[in-house]
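Since the structure comes first, as structure tokens, the remarks are kept for the end.
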Amino acid sequence: MSPPREEHLLPAAPILISPPKGWADLELRELWRYRELLYFFAWRDLKVRYKQTLIGASWAVIQPFMIMIVFTIFFGRILNLPSGGLPAPLFYYSALLPWTYFVTAMSGAANSVVSNQGIITKTYFPRLVLPLSAVIPPMVDFAIAFVVLLVMMVYYGIVPGLAILTLPLFMALAILTAIAVGLWLSALNAIYRDVRHVLPFIIQLWFFISPVVYSAELLPERFQALYGLNPMAGVITGFRWAITGEGSPPGVLTLVSTAVVIATLVSGFIYFRSRETLIADVV
Amino acid sequence: MSRPAIVVEDLGKRYRIGGRTGASSFRGALKERFGRSRSTSEDAPPDHIWAVRNISFEAPLGQVTGIIGRNGAGKSTLLKILSRITRPTEGRAEVWGTVGSLLEVGTGFHPELSGRENVYLNGSILGMGRREIDRKFDEIIAFAETEAFVDTPVKHYSSGMHVRLAFAVAAHLEPEILIIDEVLAVGDINFQKRCIGKMHEVAGDGRTVLFVSHNLHAITGLCDQVLWVDEGRIRSMGPAKEQVSLYSAAALPLATKTTDPGRDKPLILSNVRLVAANGEEREDFDLFEGLSIRFDVAQTSVHKRVRFVIRIRSTEDDAVVLATTSWDSEDTYQPEGPGAFTVSCTVPPNFLNAGTYSVSVGADVPRGPAFAQLEDVRRFVIVNTASFGDGLFGARDGYLSPYQQWNITSADTDN
């Protein structure tokens with residue numbers, strides 16, 4: 001049945017199995033070897049996401065678009081909140097895109113370990129693959145919704161400047177933020193199911209402290225650095241600026257946000273790795 | 001014995017009991033951290049148990065090592081440690097080569113995805129590369145006999161198709177070391193036959209295999225050496241046949257009573273023994289040799305029409321044979337006594353199939369008093385040392401394995 005097997009020589013070094021040490025090493029090389037699995041998990045989630053739905057991937061557009069309409073009516077028309085000189089729909093929609101991506105990717109990552117527990121307890125692979133692959137499928141939603149953003153820009157006659165070239169950087173920052181927070185939450189979630197109850201609450205709070213319905217410009221200059229502690233402030237502000245030129249170019253707020261993301265990411269990797277050995281036993 | 005592919009030294013794994021999760025809420029964790037200091041003693045604290053401990057063995061390169069033991073003995077934990085799913089608490093192991101572990105059929109199958117998609121997903125979860133799956137895809141689908149449904153979501157598959165497809169993927173894994181747990185426990189007899197056939201192929205391929213099963217038949221047929229794990233430790237290890245008979249002997253509990261004084265002692269049964277053709281007393285016999293069951297009788301008073309009864313029972317508690325002197329022959333009625341006798345009854349060769357059996361003996365008068373009985377007083381193992389070939393209906397099953405006369409004549413001879 002099987003094709004003739006090539007003769008295997010004994011490998012130079014064995015796989016060592018030993019009790020977990022206090023300090024986990026990241027074993028990034030091993031993670032690299034499992035990159036195909038990362039792709040397969042992302043592909044599975046994408047495939048499954050809109051199976052047996054009526055309008056499929058249209059949901060990727062409908063969600064942010066409906067929210068944008070509600071915001072435009074209530075915050076724009078009725079409450080008359082400032083929208084930084086931009087048409088209100090564009091102001092909200094350009095922030096809702098990275099925000100929606102972040103929320104979907106981060107919650108996906110946070111639940112990735114728990115929702116794959118059947119696989120975790122039956123087979124070995126670097127568990128890091130799970131939260132990392134979870135941030136990929138929402139990118140497709142993002143791309144679809146982004147097309148609508150382009151249409152809106154044409155409609156409102158907004159021509160992006162050179163700043164749009166920095167857009168991938170802010171997108172990357174959004175992805176890294178989702179990974180960083182997702183790493184922490186997924187490992188915690190595997191051990192403490194409290195995370196499941198706390199997550200919607202965290203998202204709600206986070207929304208209000210992020211500049212989606214308002215502009216970070218509203219805050220006094222001296223609070224900008226402090227506001228940057230919320231990495232999504234850096235992401236959304238930068239995103240809006242890159243697309244529409246609204247607000248001031250990236251400054252101290254963006255720097256602080258980037259630093260926070262890097263710190264959370266590194267600590268998240270280390271925390272996840274240190275819990276990884278435990279995950280199959282407790283999940 | 002060749003070079004080891006797996007070297008295990010003093011491996012141990014401790015779990016917390018009372019919920020595997022331990023502290024499963026923040027509150028619990030905080031309490032634990034800031035409450036009384038945690039026990040750090042070497043021995044398991046009262047709320048911990050050792051699932052396995054002091055496990056040391058070597059799995060030789062290119063050989064099949066079987067692991068047997070009761071449920072909860074720690075077999076699965078051991079496989080999980082060696083598959084790197086969970087880490088040991090103490091000890092170490094060296095694994096020389098790529099490992100594919102198959103602890104479940106169809107790990108990661110997603111009901112919404114099609115057969116094709118699941119083959120790719122499951123294959124990559126089991127450690128196959130995309131190109132490797134591309135290469136084997138047609139073979140896998142053919143093996144699973146699901147060609148027509150390759151693009152149907154798996155949720156519409158029958159359970160049989162589901163299992164076949166899952167096994168087909170697993171069967172095409174080609175790691176240097178294969179770790180398999182209890183795969184044969186699922187599916188119908190035909191599927192199990194396929195599994196065993198494939199396992200034979202794998203084993204014959206010179207691959208190192210670690211194989212946990214309750215199917216002692218499969219274990220004897222496939223394994224070179226066997227570890228018997230009991231209560232988290234290795235109870236013994238050695239050649240497959242020897243370990244299986246040791247294990248199955250222990251799996252069938254024997255009554256402690258070996259003589260029955262009987263009521264008012266009119267008749268005493270004792271010294272039940274199992275004797276091979278050459279007069280040797282043994283507990284394991286080849287399928288192709290017979291044995292006789294013997295016991296001593298001491299009769300103190302006169303009784304007419306006393307008969308002796310022998311019952312042979314399987315490990316599944318089925319009565320396989322019930323033999324009595326009164327049915328087998330009028331002439332074998334015991335002399336009226338008193339006196340001392342030896343009763344002997346043969347189990348013919350090529351009669352009982354491979355397996356473990358227990359023996360009970362008794363004496364009574366038909367429609368009269370029961371004088372004495374010894375329940376499950378001896379056990380014996382029938383071993384099939386001949387080639388382990390599968391037939392159309394699977395491995396040779398059941399309690400009987402008669403040597404039958406076959407006669408095949410040409411259809412033309414009638415003309």
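Following the order of the structure tokens, chains are lettered A, B, ..., residues in each are numbered from 1, and ligands are numbered from 1.
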Kindly assemble as a tab-separated table a list of the chain B residues that lie within 8 Å of chain A, each paired with its nearest atom pair and their distance in Å to one decimal, using only C-alpha atoms, sorted first by chain and then by ascending residue number.
```
residue	atom	partner	partner_atom	distance
B:Arg20	CA	A:Val282	CA	5.9
B:Thr21	CA	A:Val282	CA	4.6
B:Gly22	CA	A:Val282	CA	7.6
B:Ala23	CA	A:Tyr192	CA	7.8
B:Ser24	CA	A:Tyr192	CA	5.0
B:Ser25	CA	A:Tyr192	CA	4.9
B:Phe26	CA	A:Tyr192	CA	6.5
B:Lys80	CA	A:Lys122	CA	7.8
B:Ile81	CA	A:Ile17	CA	7.7
B:Leu82	CA	A:Ile17	CA	7.3
B:Ser83	CA	A:Tyr124	CA	6.4
B:Arg84	CA	A:Tyr124	CA	5.8
B:Ile85	CA	A:Tyr124	CA	4.9
B:Thr86	CA	A:Ala280	CA	6.0
B:Arg87	CA	A:Pro19	CA	5.7
B:Pro88	CA	A:Pro19	CA	4.9
B:Thr89	CA	A:Pro19	CA	5.0
B:Glu90	CA	A:Pro19	CA	5.5
B:Gly91	CA	A:Ser18	CA	6.3
B:Arg92	CA	A:Ser18	CA	4.6
B:Ala93	CA	A:Ile17	CA	4.9
B:Glu94	CA	A:Leu16	CA	4.9
B:Val95	CA	A:Ile15	CA	5.0
B:Trp96	CA	A:Pro14	CA	4.4
B:Gly97	CA	A:Pro11	CA	6.0
B:Ser101	CA	A:Thr123	CA	6.7
B:Leu102	CA	A:Thr123	CA	7.6
B:Leu103	CA	A:Lys122	CA	5.8
B:Glu104	CA	A:Lys122	CA	6.7
B:Thr107	CA	A:Ile119	CA	5.9
B:Gly108	CA	A:Ile119	CA	5.6
B:Glu112	CA	A:Val48	CA	6.5
B:Leu113	CA	A:Val48	CA	7.0
B:Leu121	CA	A:Phe40	CA	6.2
B:Ser124	CA	A:Leu37	CA	5.9
B:Ile125	CA	A:Leu37	CA	6.6
B:Leu126	CA	A:Thr123	CA	7.1
B:Gly129	CA	A:Glu36	CA	7.1
B:Arg130	CA	A:Glu36	CA	7.4
B:Glu139	CA	A:Met1	CA	8.0
B:His172	CA	A:Ser2	CA	6.8
B:Glu176	CA	A:His8	CA	7.6
```
Need the shell around range 253-259 of chain A: protein/DNA/RNA residues with any atom at most 7 Å away, counting only C-alpha atoms. Skip same-chain ones fewer than 5 positions apart. Format as a list in words?
Gln224, Ala225, Tyr227, Gly228, Leu229, Asn230, Pro231 and Gly234 of chain A
Got a sec to tell me which of range 57-283 of chain A DSSP assigns to alpha helix (DSSP H), as a ChimeraX atom specification?
/A:59-71,88-115,117-120,129-134,137-156,167-191,194-208,224-227,231-244,252-282
Could the residues in this selection be written to a file with C-alpha atoms, as a short mmCIF file (atom, residue, chain, number, x, y, z; two decimals), in the first residue's frame?
```
data_model
loop_
_atom_site.label_atom_id
_atom_site.label_comp_id
_atom_site.auth_asym_id
_atom_site.auth_seq_id
_atom_site.Cartn_x
_atom_site.Cartn_y
_atom_site.Cartn_z
CA TRP A 59 -21.35 39.51 6.98
CA ALA A 60 -17.83 40.84 6.96
CA VAL A 61 -19.17 44.05 5.43
CA ILE A 62 -22.63 44.21 6.96
CA GLN A 63 -21.45 44.26 10.54
CA PRO A 64 -19.16 47.29 10.48
CA PHE A 65 -21.41 49.00 7.95
CA MET A 66 -24.53 48.79 10.13
CA ILE A 67 -22.63 49.99 13.17
CA MET A 68 -21.28 52.85 11.10
CA ILE A 69 -24.83 53.87 10.14
CA VAL A 70 -26.01 53.77 13.75
CA PHE A 71 -23.01 55.80 14.90
CA ALA A 88 -19.10 61.18 9.69
CA PRO A 89 -19.62 57.80 7.94
CA LEU A 90 -16.00 57.73 6.80
CA PHE A 91 -14.78 58.83 10.22
CA TYR A 92 -16.52 55.95 11.97
CA TYR A 93 -16.00 53.32 9.32
CA SER A 94 -12.24 53.91 9.09
CA ALA A 95 -11.98 53.24 12.83
CA LEU A 96 -14.45 50.37 12.87
CA LEU A 97 -12.33 48.39 10.41
CA PRO A 98 -9.22 47.96 12.60
CA TRP A 99 -11.39 47.76 15.71
CA THR A 100 -13.57 44.96 14.33
CA TYR A 101 -10.47 43.13 13.16
CA PHE A 102 -8.90 43.45 16.58
CA VAL A 103 -11.97 42.23 18.46
CA THR A 104 -12.54 39.20 16.20
CA ALA A 105 -8.88 38.23 16.08
CA MET A 106 -8.30 38.74 19.78
CA SER A 107 -11.39 36.79 20.87
CA GLY A 108 -10.58 34.08 18.35
CA ALA A 109 -7.11 33.76 19.78
CA ALA A 110 -8.38 33.88 23.36
CA ASN A 111 -10.74 30.96 22.69
CA SER A 112 -8.40 29.05 20.38
CA VAL A 113 -6.91 26.76 22.98
CA VAL A 114 -10.19 25.90 24.66
CA SER A 115 -12.07 25.32 21.42
CA GLN A 117 -9.03 20.98 23.36
CA GLY A 118 -10.01 17.76 21.58
CA ILE A 119 -6.98 18.09 19.37
CA ILE A 120 -4.68 19.29 22.13
CA VAL A 129 0.15 27.56 16.58
CA LEU A 130 -3.42 27.93 17.84
CA PRO A 131 -3.55 31.58 18.95
CA LEU A 132 -1.26 32.56 16.09
CA SER A 133 -3.46 30.97 13.45
CA ALA A 134 -6.60 32.45 15.00
CA PRO A 137 -9.06 34.42 9.23
CA PRO A 138 -10.34 37.85 10.38
CA MET A 139 -7.85 39.39 7.96
CA VAL A 140 -10.02 38.16 5.11
CA ASP A 141 -13.06 39.85 6.63
CA PHE A 142 -10.96 42.93 7.01
CA ALA A 143 -9.91 42.86 3.35
CA ILE A 144 -13.52 42.52 2.20
CA ALA A 145 -14.67 45.38 4.40
CA PHE A 146 -11.72 47.42 3.22
CA VAL A 147 -13.02 47.34 -0.34
CA VAL A 148 -16.16 49.08 0.90
CA LEU A 149 -13.96 51.70 2.54
CA LEU A 150 -12.34 52.40 -0.82
CA VAL A 151 -15.77 52.80 -2.41
CA MET A 152 -16.76 55.26 0.33
CA MET A 153 -13.59 57.26 -0.24
CA VAL A 154 -14.36 57.57 -3.91
CA TYR A 155 -17.94 58.57 -3.04
CA TYR A 156 -16.81 61.30 -0.66
CA LEU A 167 -1.18 51.72 6.40
CA PRO A 168 0.42 48.24 6.44
CA LEU A 169 2.42 49.30 9.48
CA PHE A 170 -0.71 50.16 11.42
CA MET A 171 -2.39 47.00 10.25
CA ALA A 172 0.65 45.09 11.48
CA LEU A 173 0.34 46.86 14.80
CA ALA A 174 -3.31 45.78 15.01
CA ILE A 175 -2.34 42.16 14.27
CA LEU A 176 0.43 42.21 16.86
CA THR A 177 -1.92 43.72 19.43
CA ALA A 178 -4.42 40.93 18.79
CA ILE A 179 -1.68 38.30 19.11
CA ALA A 180 -0.23 39.86 22.25
CA VAL A 181 -3.54 40.05 24.09
CA GLY A 182 -4.67 36.73 22.59
CA LEU A 183 -1.59 34.92 23.92
CA TRP A 184 -2.27 36.06 27.44
CA LEU A 185 -5.98 35.36 27.33
CA SER A 186 -5.77 31.98 25.59
CA ALA A 187 -3.33 30.57 28.13
CA LEU A 188 -5.35 32.00 30.99
CA ASN A 189 -8.56 30.72 29.43
CA ALA A 190 -7.20 27.18 29.23
CA ILE A 191 -6.59 27.20 32.95
CA ASP A 194 -13.26 33.00 34.11
CA VAL A 195 -11.77 34.48 30.95
CA ARG A 196 -14.83 33.47 28.99
CA HIS A 197 -17.03 35.61 31.22
CA VAL A 198 -14.65 38.51 31.41
CA LEU A 199 -13.94 38.77 27.69
CA PRO A 200 -17.17 40.54 26.54
CA PHE A 201 -16.74 42.95 29.40
CA ILE A 202 -13.13 43.68 28.48
CA ILE A 203 -14.13 44.31 24.87
CA GLN A 204 -16.88 46.70 25.87
CA LEU A 205 -14.64 48.71 28.17
CA TRP A 206 -11.86 48.71 25.64
CA PHE A 207 -14.20 50.10 23.01
CA PHE A 208 -14.97 53.14 25.09
CA GLN A 224 -1.40 61.80 24.55
CA ALA A 225 1.45 59.62 25.87
CA LEU A 226 -0.79 58.27 28.63
CA TYR A 227 -3.53 57.55 26.10
CA PRO A 231 -2.36 50.13 21.97
CA MET A 232 -5.63 50.35 20.05
CA ALA A 233 -5.43 54.13 20.42
CA GLY A 234 -2.20 54.03 18.44
CA VAL A 235 -3.66 51.60 15.90
CA ILE A 236 -6.91 53.47 15.24
CA THR A 237 -5.40 56.94 15.25
CA GLY A 238 -2.68 55.85 12.87
CA PHE A 239 -5.12 54.00 10.67
CA ARG A 240 -7.41 56.98 10.27
CA TRP A 241 -4.50 59.27 9.64
CA ALA A 242 -2.98 56.99 7.00
CA ILE A 243 -6.23 56.76 5.07
CA THR A 244 -7.78 60.19 5.41
CA VAL A 252 4.40 60.07 21.00
CA LEU A 253 1.03 58.29 21.24
CA THR A 254 2.02 55.86 18.49
CA LEU A 255 5.42 55.28 20.03
CA VAL A 256 3.96 54.48 23.43
CA SER A 257 1.40 52.17 21.84
CA THR A 258 4.09 50.32 19.90
CA ALA A 259 6.19 49.90 23.03
CA VAL A 260 3.19 48.56 24.95
CA VAL A 261 2.43 46.07 22.16
CA ILE A 262 6.00 44.80 22.09
CA ALA A 263 6.11 44.43 25.85
CA THR A 264 2.77 42.60 25.92
CA LEU A 265 3.79 40.42 23.02
CA VAL A 266 7.09 39.30 24.52
CA SER A 267 5.60 38.69 27.94
CA GLY A 268 2.65 36.94 26.29
CA PHE A 269 4.97 34.56 24.44
CA ILE A 270 6.85 33.77 27.60
CA TYR A 271 3.70 33.33 29.66
CA PHE A 272 2.09 31.12 27.03
CA ARG A 273 5.20 28.97 26.77
CA SER A 274 5.43 28.59 30.51
CA ARG A 275 1.80 27.45 30.66
CA GLU A 276 2.02 25.35 27.54
CA THR A 277 3.28 22.28 29.35
CA LEU A 278 0.26 22.45 31.59
CA ILE A 279 -2.36 23.06 28.97
CA ALA A 280 -3.02 19.47 27.88
CA ASP A 281 -3.47 18.47 31.51
CA VAL A 282 -5.91 21.16 32.51
#
```
Residue list (strand (DSSP E or B), DSSP) for range 101-320 of chain B, as a PyMOL selection string
chain B and resi 101-102+114+153+177-181+208-212+225-230+233-239+260+267-276+281+284-286+291-299+307-314+319-320
What's around Ala363 in chain B at 6 Å? Count only C-alpha atoms, leave out sequence neighbours fewer than 6 positions away in its own chain, and write the answer as a ChimeraX atom specification.
/B:307-309,371-372
Put those residues in a file: C-alpha atoms, as a JSON list (two decimals), in the first residue's frame.
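So the final result, stored in again-v4.json, reads:
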```json
[["chain", "number", "residue", "atom", "x", "y", "z"],
["B", 307, "ARG", "CA", -21.61, -37.39, 38.48],
["B", 308, "PHE", "CA", -18.81, -34.90, 37.96],
["B", 309, "VAL", "CA", -19.23, -31.58, 36.25],
["B", 371, "PHE", "CA", -21.92, -32.59, 46.98],
["B", 372, "ALA", "CA", -19.06, -30.26, 46.22]]
```
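One finds CA of Asp286 in chain B at 26.2 Å from CA of Lys198 in chain B.
The spacing separating CA of Phe285 in chain B from CA of Pro349 in chain B amounts to 9.6 Å.
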